[in-house]
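The structure under discussion appears below in the form of structure tokens.
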Amino acid sequence: MNVSSTLQMEAKFFRFLKLVGVGFKARTEREGRELFLKLGYSHEVQFTAPPAVRVFCFKPNILCCTGLDKDRVHHFAGAVRSCKPPEVYKGKGILYIDEVIKLKPGKKQKK
């Protein structure tokens, strides 16, 4: 069974996440029930999706959380995002696909 047919059968709500950063990657196992993230830590971060939520990786840096219950899908996506929220100076981290980060300027050097 491919990803598109699975999405059409059981999913009504979606939440797309984007991993921004050098070496940030995601992979799924066990038919979208296990999510493994490489986020620059010394270890992989592991998430187990709730029963009503599935996770798919379209690219190593694009995630899709999907399911029938809107609250569970958004809660799981928020839990994944809280692992590495976007930072305001470089824009790195996990952000929603439609989210825009307003970057702050860094330190100004005196001349």
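Letters A, B, ... go to the chains of the structure tokens in the order shown; residues in each chain start at 1; ligands are counted from 1 in the same order.
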
### Task
Identify, on the basis of only C-alpha atoms, every residue whose closest approach to A:Leu17 does not exceed 6 Å; exclude the query and any residue fewer than 2 positions from it along the same chain; express the result as number ranges by chain.
A: 62-63, 95-97

Deliver the residues from the most recent selection as a file, using all heavy atoms, as a short mmCIF file (atom, residue, chain, number, x, y, z; two decimals), in the first residue's frame.
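See again31.cif below for the written result:
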```
data_model
loop_
_atom_site.label_atom_id
_atom_site.label_comp_id
_atom_site.auth_asym_id
_atom_site.auth_seq_id
_atom_site.Cartn_x
_atom_site.Cartn_y
_atom_site.Cartn_z
N ILE A 62 10.69 16.81 5.16
CA ILE A 62 9.27 17.16 5.13
C ILE A 62 8.48 16.03 5.80
O ILE A 62 8.56 14.88 5.38
CB ILE A 62 8.76 17.35 3.69
CG1 ILE A 62 9.57 18.39 2.95
CG2 ILE A 62 7.27 17.68 3.69
CD1 ILE A 62 9.20 19.81 3.20
N LEU A 63 7.70 16.37 6.82
CA LEU A 63 6.87 15.41 7.55
C LEU A 63 5.40 15.73 7.33
O LEU A 63 5.04 16.91 7.21
CB LEU A 63 7.11 15.50 9.05
CG LEU A 63 8.43 15.06 9.62
CD1 LEU A 63 8.45 15.40 11.10
CD2 LEU A 63 8.61 13.60 9.43
N LEU A 95 9.50 23.68 11.83
CA LEU A 95 8.43 24.64 11.71
C LEU A 95 7.31 24.09 10.84
O LEU A 95 7.54 23.17 10.04
CB LEU A 95 8.92 25.98 11.19
CG LEU A 95 9.83 26.00 9.99
CD1 LEU A 95 9.27 26.92 8.93
CD2 LEU A 95 11.18 26.54 10.42
N TYR A 96 6.13 24.63 11.02
CA TYR A 96 5.02 24.25 10.18
C TYR A 96 5.30 24.74 8.77
O TYR A 96 5.95 25.77 8.56
CB TYR A 96 3.71 24.83 10.70
CG TYR A 96 3.35 24.35 12.08
CD1 TYR A 96 3.22 25.22 13.14
CD2 TYR A 96 3.15 22.99 12.32
CE1 TYR A 96 2.90 24.77 14.40
CE2 TYR A 96 2.82 22.53 13.58
CZ TYR A 96 2.70 23.43 14.61
OH TYR A 96 2.39 22.98 15.87
N ILE A 97 4.78 24.03 7.77
CA ILE A 97 5.13 24.31 6.38
C ILE A 97 4.65 25.70 5.95
O ILE A 97 5.28 26.34 5.12
CB ILE A 97 4.59 23.21 5.46
CG1 ILE A 97 5.36 23.14 4.15
CG2 ILE A 97 3.14 23.37 5.16
CD1 ILE A 97 6.40 22.12 4.10
#
```

### Query
Quick one: residues within 12 Å of A:Arg30, only C-alpha atoms counted, chain neighbours fewer than 6 positions away excluded, as a VMD selection string?
chain A and resid 36 47 to 49 54 to 56

Selection file, C-alpha atoms, as a PDB file, in the first residue's frame:
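So the final result, stored in again34.pdb, reads:
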```pdb
ATOM      1  CA  PHE A  36      12.934   9.114  14.320  1.00  0.00           C
ATOM      2  CA  PHE A  47       8.376   9.568  18.868  1.00  0.00           C
ATOM      3  CA  THR A  48       5.607   6.989  18.940  1.00  0.00           C
ATOM      4  CA  ALA A  49       2.459   8.255  17.244  1.00  0.00           C
ATOM      5  CA  ARG A  54       0.118   8.385  11.233  1.00  0.00           C
ATOM      6  CA  VAL A  55       3.335  10.086  10.153  1.00  0.00           C
ATOM      7  CA  PHE A  56       4.814  10.089   6.653  1.00  0.00           C
TER       8      PHE A  56
END
```

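Using only C-alpha atoms, the nearest neighbour of A:Glu31 within the list A:Val53, A:Pro86, A:Lys18, A:Phe76 is A:Val53.
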
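For A:Pro60, the residues within 9 Å (counting only C-alpha atoms, excluding itself and residues fewer than 4 positions away along the chain) are Leu19, Phe24, Lys25, Ala26 and Arg27 of chain A.
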
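Distances from A:Cys64, A:Val22, A:Leu103, A:Val73 to A:Pro50 were compared using only C-alpha atoms, and the smallest one belongs to A:Val73.
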
### Message
Let's see if you can do this: from backbone DSSP, list all strand (DSSP E) residues in chain A, as a PyMOL selection string.
### Response
chain A and resi 13-20+25-29+34-38+45-48+53-59+62-67+93-96

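The gap separating atom CA of A:Thr28 from atom CA of A:Thr66 is 13.3 Å, in Å to one decimal.
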
### Summary
Among A:Ile94, A:Leu68, A:Leu37, A:Cys83, A:Phe13 is approached most closely, using only C-alpha atoms, by A:Leu68

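Compared by their closest atoms to A:Leu39, and using only C-alpha atoms, the residues A:Ala79, A:Ile101, A:Cys65, A:Val20 rank with A:Val20 nearest.
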
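Taking atom CA of A:Lys90 and atom CA of A:His74 as the two end points, the separation is 25.2 Å.
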
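If you look at atom CA of A:Lys12 and atom CA of A:Lys38, they are 28.0 Å away from each other.
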
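Minimum distance to A:Gly32 across A:Ala11, A:Cys57, A:Phe16, A:Lys108 (counting only C-alpha atoms) occurs at A:Cys57.
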
### Query
A:Val80, A:Phe58, A:Val100, A:His75: which is nearest A:Gln46, counting only C-alpha atoms?
A:Val80
